[in-house]
>>> print(open('my_file_23.pdb').read())   # PDB, C-alpha atoms
MODEL        1
ATOM      1  CA  MET A  18      -3.747-106.847  87.051
ATOM      2  CA  THR A  19      -4.542-103.295  88.083
ATOM      3  CA  THR A  20      -6.080-102.389  91.441
ATOM      4  CA  LEU A  21      -7.465 -99.083  92.716
ATOM      5  CA  ASP A  22      -5.711 -96.953  95.304
ATOM      6  CA  ASN A  23      -8.250 -96.691  98.149
ATOM      7  CA  ARG A  24      -7.311 -93.085  98.903
ATOM      8  CA  THR A  25      -7.497 -91.674  95.381
ATOM      9  CA  SER A  26      -9.404 -94.270  93.303
ATOM     10  CA  VAL A  27      -6.517 -94.108  90.830
ATOM     11  CA  PRO A  28      -5.528 -97.357  89.116
ATOM     12  CA  VAL A  29      -2.340 -98.801  90.633
ATOM     13  CA  PRO A  30      -0.409-101.240  88.452
ATOM     14  CA  SER A  31       0.579-104.621  89.850
ATOM     15  CA  PRO A  32       4.160-104.909  91.166
ATOM     16  CA  ALA A  33       5.179-106.655  87.938
ATOM     17  CA  ARG A  34       4.160-103.565  85.916
ATOM     18  CA  ARG A  35       5.062-100.788  88.370
ATOM     19  CA  PRO A  36       8.057 -98.634  87.307
ATOM     20  CA  ILE A  37      11.264 -99.655  89.065
ATOM     21  CA  ASP A  38      14.292 -97.765  90.341
ATOM     22  CA  ALA A  39      16.785 -98.022  87.477
ATOM     23  CA  ARG A  40      19.601 -98.669  89.966
ATOM     24  CA  GLY A  41      18.021-101.957  91.085
ATOM     25  CA  PRO A  42      18.755-103.992  87.940
ATOM     26  CA  ARG A  43      22.303-102.636  87.913
ATOM     27  CA  PHE A  44      22.791-103.781  91.514
ATOM     28  CA  GLY A  45      21.362-107.184  90.572
ATOM     29  CA  ALA A  46      23.732-107.344  87.625
ATOM     30  CA  ALA A  47      26.685-106.691  89.931
ATOM     31  CA  VAL A  48      25.684-109.565  92.210
ATOM     32  CA  THR A  49      25.008-111.761  89.164
ATOM     33  CA  THR A  50      28.450-110.881  87.800
ATOM     34  CA  ALA A  51      30.084-112.055  91.020
ATOM     35  CA  VAL A  52      28.064-115.286  91.173
ATOM     36  CA  LEU A  53      28.661-116.151  87.515
ATOM     37  CA  ALA A  54      32.369-115.294  87.721
ATOM     38  CA  LEU A  55      32.759-117.695  90.640
ATOM     39  CA  ALA A  56      30.754-120.326  88.796
ATOM     40  CA  LEU A  57      32.866-119.898  85.658
ATOM     41  CA  LEU A  58      36.115-120.120  87.605
ATOM     42  CA  SER A  59      35.009-123.304  89.349
ATOM     43  CA  ILE A  60      33.718-125.257  86.299
ATOM     44  CA  PRO A  61      33.526-128.275  86.466
ATOM     45  CA  SER A  62      32.834-128.801  90.147
ATOM     46  CA  THR A  63      30.048-129.106  92.654
ATOM     47  CA  VAL A  64      30.602-125.443  93.539
ATOM     48  CA  SER A  65      29.908-124.369  89.956
ATOM     49  CA  LEU A  66      26.796-126.557  89.866
ATOM     50  CA  VAL A  67      25.451-125.041  93.102
ATOM     51  CA  LEU A  68      26.236-121.458  92.071
ATOM     52  CA  LEU A  69      24.756-121.874  88.606
ATOM     53  CA  THR A  70      21.662-123.585  89.989
ATOM     54  CA  ALA A  71      21.131-120.730  92.455
ATOM     55  CA  GLN A  72      21.599-118.127  89.718
ATOM     56  CA  THR A  73      19.201-120.025  87.469
ATOM     57  CA  VAL A  74      16.545-119.834  90.194
ATOM     58  CA  VAL A  75      17.193-116.088  90.527
ATOM     59  CA  PHE A  76      16.818-115.624  86.761
ATOM     60  CA  ALA A  77      13.661-117.777  86.749
ATOM     61  CA  LEU A  78      12.004-115.674  89.441
ATOM     62  CA  GLY A  79      12.910-112.473  87.616
ATOM     63  CA  ALA A  80      11.677-113.823  84.294
ATOM     64  CA  LEU A  81       8.545-115.682  85.359
ATOM     65  CA  VAL A  82       7.275-113.651  88.325
ATOM     66  CA  GLY A  83       8.905-110.277  87.666
ATOM     67  CA  VAL A  84      11.942-108.333  88.733
ATOM     68  CA  HIS A  85      10.137-107.274  91.910
ATOM     69  CA  ALA A  86      10.275-110.921  93.074
ATOM     70  CA  GLN A  87      13.899-111.543  92.136
ATOM     71  CA  PRO A  88      16.023-111.989  95.292
ATOM     72  CA  TYR A  89      18.599-109.386  94.260
ATOM     73  CA  GLY A  90      15.785-106.911  93.618
ATOM     74  CA  VAL A  91      14.295-107.589  97.042
ATOM     75  CA  LEU A  92      17.731-107.128  98.627
ATOM     76  CA  PHE A  93      18.148-103.850  96.753
ATOM     77  CA  ARG A  94      14.732-102.528  97.808
ATOM     78  CA  ARG A  95      15.026-103.537 101.458
ATOM     79  CA  VAL A  96      18.716-102.989 102.218
ATOM     80  CA  VAL A  97      20.448-100.866  99.579
ATOM     81  CA  ARG A  98      17.823 -98.402  98.347
ATOM     82  CA  PRO A  99      16.948 -97.015 101.820
ATOM     83  CA  ARG A 100      20.602 -95.974 102.142
ATOM     84  CA  LEU A 101      20.580 -94.129  98.803
ATOM     85  CA  GLY A 102      18.903 -90.922  97.775
ATOM     86  CA  ALA A 103      15.608 -90.907  95.945
ATOM     87  CA  PRO A 104      15.797 -92.409  92.470
ATOM     88  CA  THR A 105      16.356 -89.930  89.674
ATOM     89  CA  ARG A 106      15.135 -92.352  87.036
ATOM     90  CA  LEU A 107      12.379 -94.950  87.011
ATOM     91  CA  GLU A 108      12.028 -97.480  84.215
ATOM     92  CA  ASP A 109       9.569 -99.937  82.813
ATOM     93  CA  PRO A 110      10.179-103.391  84.333
ATOM     94  CA  ALA A 111       9.491-105.190  81.028
ATOM     95  CA  PRO A 112      12.987-104.808  79.486
ATOM     96  CA  PRO A 113      14.809-106.016  82.639
ATOM     97  CA  ARG A 114      12.327-108.895  82.897
ATOM     98  CA  PHE A 115      13.155-109.864  79.320
ATOM     99  CA  ALA A 116      16.857-109.629  80.192
ATOM    100  CA  GLN A 117      16.196-112.048  83.064
ATOM    101  CA  THR A 118      14.598-114.414  80.543
ATOM    102  CA  VAL A 119      17.684-114.259  78.326
ATOM    103  CA  GLY A 120      19.885-114.878  81.365
ATOM    104  CA  LEU A 121      17.667-117.805  82.317
ATOM    105  CA  ALA A 122      18.127-119.350  78.874
ATOM    106  CA  PHE A 123      21.920-119.127  79.103
ATOM    107  CA  ALA A 124      21.928-120.415  82.690
ATOM    108  CA  VAL A 125      19.786-123.418  81.731
ATOM    109  CA  VAL A 126      22.120-124.212  78.824
ATOM    110  CA  GLY A 127      25.069-123.892  81.200
ATOM    111  CA  LEU A 128      23.423-126.189  83.725
ATOM    112  CA  LEU A 129      22.632-128.751  81.052
ATOM    113  CA  GLY A 130      26.241-128.575  79.925
ATOM    114  CA  LEU A 131      27.490-129.200  83.454
ATOM    115  CA  VAL A 132      25.063-132.045  84.132
ATOM    116  CA  THR A 133      25.739-133.821  80.837
ATOM    117  CA  GLY A 134      29.500-133.321  80.941
ATOM    118  CA  ALA A 135      29.533-130.884  78.016
ATOM    119  CA  VAL A 136      31.958-128.616  79.848
ATOM    120  CA  VAL A 137      32.708-126.419  76.823
ATOM    121  CA  VAL A 138      28.996-125.693  76.423
ATOM    122  CA  ALA A 139      28.814-124.771  80.114
ATOM    123  CA  TYR A 140      31.845-122.471  79.818
ATOM    124  CA  VAL A 141      30.429-120.690  76.775
ATOM    125  CA  ALA A 142      26.898-120.285  78.166
ATOM    126  CA  VAL A 143      28.090-119.010  81.542
ATOM    127  CA  ALA A 144      30.623-116.706  79.858
ATOM    128  CA  PHE A 145      27.895-115.140  77.687
ATOM    129  CA  ALA A 146      25.630-114.572  80.701
ATOM    130  CA  LEU A 147      28.590-113.205  82.673
ATOM    131  CA  GLY A 148      29.500-110.828  79.834
ATOM    132  CA  ALA A 149      25.972-109.429  79.667
ATOM    133  CA  ALA A 150      25.738-109.040  83.453
ATOM    134  CA  PHE A 151      29.130-107.309  83.538
ATOM    135  CA  LEU A 152      28.088-104.838  80.817
ATOM    136  CA  ASN A 153      25.094-103.830  82.916
ATOM    137  CA  ALA A 154      26.978-103.705  86.215
ATOM    138  CA  ALA A 155      30.022-101.812  84.956
ATOM    139  CA  PHE A 156      28.647 -99.636  82.164
ATOM    140  CA  ASP A 157      24.879 -99.491  82.808
ATOM    141  CA  PHE A 158      24.341-101.149  79.432
ATOM    142  CA  CYS A 159      21.661-103.833  79.652
ATOM    143  CA  LEU A 160      22.123-106.039  76.610
ATOM    144  CA  GLY A 161      18.885-107.979  77.220
ATOM    145  CA  CYS A 162      16.981-104.701  77.640
ATOM    146  CA  GLU A 163      18.360-103.432  74.348
ATOM    147  CA  MET A 164      17.324-106.696  72.673
ATOM    148  CA  TYR A 165      13.814-106.221  74.080
ATOM    149  CA  LEU A 166      13.585-102.645  72.796
ATOM    150  CA  LEU A 167      14.925-103.630  69.379
ATOM    151  CA  GLY A 168      12.346-106.407  69.174
ATOM    152  CA  ARG A 169       9.577-103.955  70.064
ATOM    153  CA  ARG A 170      10.732-101.519  67.379
ATOM    154  CA  LEU A 171      10.915-104.289  64.799
ATOM    155  CA  ALA A 172       7.465-105.572  65.745
ATOM    156  CA  ALA A 173       6.006-102.045  65.548
ATOM    157  CA  GLY A 174       7.560-101.588  62.111
ATOM    158  CA  ARG A 175       5.879-104.747  60.822
ATOM    159  CA  THR A 176       2.407-103.643  61.896
ATOM    160  CA  THR A 177       2.732-100.215  60.298
ATOM    161  CA  PRO A 178       1.382-100.152  56.698
TER     162      PRO A 178
ENDMDL
END
>>> encode(input="my_file_23.pdb", output="structure tokens")
Amino acid sequence: MTTLDNRTSVPVPSPARRPIDARGPRFGAAVTTAVLALALLSIPSTVSLVLLTAQTVVFALGALVGVHAQPYGVLFRRVVRPRLGAPTRLEDPAPPRFAQTVGLAFAVVGLLGLVTGAVVVAYVAVAFALGAAFLNAAFDFCLGCEMYLLGRRLAAGRTTP
């Protein structure tokens, strides 16, 4: 949904489509890395179930509502970003939102593994999500974002005669 800026009558994209500070997803990935590492180290336990459930909710908000609604994104915007300089790079929120969807899928599989007693499945799913989050946090390489962009390129190639 696009609204008009009352001062300039210029279309303003909704928060879900507005460019985001590229440092925000990296901050979120760092927090996600910590949460998933603790969850992985505590499998199988109530602690791992609580941590993974919380992270699943975070991924769900980022995937279904948008990265602007994800708790780590809100924390970044309200607490961290005001202490940093102006962003040097803004990015489309669609690739990080897709990455949140991928993370959500792995977190759900991990949760199902924990709940059903399939501990190996939980370990593997959480480890994959942790690996992707760590790549983004440590090296600014968003695996889910790259998957999104590759999918877009492949889809564009199919529509071209």
>>> resolve_selection(input="my_file_23.pdb", expression="the PyMOL selection byres ((chain A and resi 113-124) around 7)", output="ChimeraX atom specification")
/A:42,69,73,76-77,79-80,83-84,110-112,125-128,142-143,146,161-162,165
>>> resolve_selection(input="my_file_23.pdb", expression="the PyMOL selection byres ((chain A and resi 44-58) around 9)", output="ChimeraX atom specification")
/A:40-43,59-62,64-69,71-72,87-90,92-93,97,139-140,143-144,146-155,159
>>> write_last_selection(input="my_file_23.pdb", atoms="C-alpha atoms", output="PDB file, keeping the file's coordinate frame")
ATOM      1  CA  ARG A  40      19.601 -98.669  89.966  1.00  0.00           C
ATOM      2  CA  GLY A  41      18.021-101.957  91.085  1.00  0.00           C
ATOM      3  CA  PRO A  42      18.755-103.992  87.940  1.00  0.00           C
ATOM      4  CA  ARG A  43      22.303-102.636  87.913  1.00  0.00           C
ATOM      5  CA  SER A  59      35.009-123.304  89.349  1.00  0.00           C
ATOM      6  CA  ILE A  60      33.718-125.257  86.299  1.00  0.00           C
ATOM      7  CA  PRO A  61      33.526-128.275  86.466  1.00  0.00           C
ATOM      8  CA  SER A  62      32.834-128.801  90.147  1.00  0.00           C
ATOM      9  CA  VAL A  64      30.602-125.443  93.539  1.00  0.00           C
ATOM     10  CA  SER A  65      29.908-124.369  89.956  1.00  0.00           C
ATOM     11  CA  LEU A  66      26.796-126.557  89.866  1.00  0.00           C
ATOM     12  CA  VAL A  67      25.451-125.041  93.102  1.00  0.00           C
ATOM     13  CA  LEU A  68      26.236-121.458  92.071  1.00  0.00           C
ATOM     14  CA  LEU A  69      24.756-121.874  88.606  1.00  0.00           C
ATOM     15  CA  ALA A  71      21.131-120.730  92.455  1.00  0.00           C
ATOM     16  CA  GLN A  72      21.599-118.127  89.718  1.00  0.00           C
ATOM     17  CA  GLN A  87      13.899-111.543  92.136  1.00  0.00           C
ATOM     18  CA  PRO A  88      16.023-111.989  95.292  1.00  0.00           C
ATOM     19  CA  TYR A  89      18.599-109.386  94.260  1.00  0.00           C
ATOM     20  CA  GLY A  90      15.785-106.911  93.618  1.00  0.00           C
ATOM     21  CA  LEU A  92      17.731-107.128  98.627  1.00  0.00           C
ATOM     22  CA  PHE A  93      18.148-103.850  96.753  1.00  0.00           C
ATOM     23  CA  VAL A  97      20.448-100.866  99.579  1.00  0.00           C
ATOM     24  CA  ALA A 139      28.814-124.771  80.114  1.00  0.00           C
ATOM     25  CA  TYR A 140      31.845-122.471  79.818  1.00  0.00           C
ATOM     26  CA  VAL A 143      28.090-119.010  81.542  1.00  0.00           C
ATOM     27  CA  ALA A 144      30.623-116.706  79.858  1.00  0.00           C
ATOM     28  CA  ALA A 146      25.630-114.572  80.701  1.00  0.00           C
ATOM     29  CA  LEU A 147      28.590-113.205  82.673  1.00  0.00           C
ATOM     30  CA  GLY A 148      29.500-110.828  79.834  1.00  0.00           C
ATOM     31  CA  ALA A 149      25.972-109.429  79.667  1.00  0.00           C
ATOM     32  CA  ALA A 150      25.738-109.040  83.453  1.00  0.00           C
ATOM     33  CA  PHE A 151      29.130-107.309  83.538  1.00  0.00           C
ATOM     34  CA  LEU A 152      28.088-104.838  80.817  1.00  0.00           C
ATOM     35  CA  ASN A 153      25.094-103.830  82.916  1.00  0.00           C
ATOM     36  CA  ALA A 154      26.978-103.705  86.215  1.00  0.00           C
ATOM     37  CA  ALA A 155      30.022-101.812  84.956  1.00  0.00           C
ATOM     38  CA  CYS A 159      21.661-103.833  79.652  1.00  0.00           C
TER      39      CYS A 159
END
>>> atom_distance(input="my_file_23.pdb", atom1="atom CA of A:Ile37", atom2="atom CA of A:Arg98")
11.4 Å
>>> closest_residue(input="my_file_23.pdb", among="A:Asp109, A:Arg100, A:Gly134, A:Arg35", to="A:Leu166", atoms="all atoms listed in the file")
A:Asp109
>>> atom_distance(input="my_file_23.pdb", atom1="atom CA of A:Arg95", atom2="atom CA of A:Leu78")
17.3 Å
>>> atom_distance(input="my_file_23.pdb", atom1="atom CA of A:Arg106", atom2="atom CA of A:Pro32")
17.2 Å
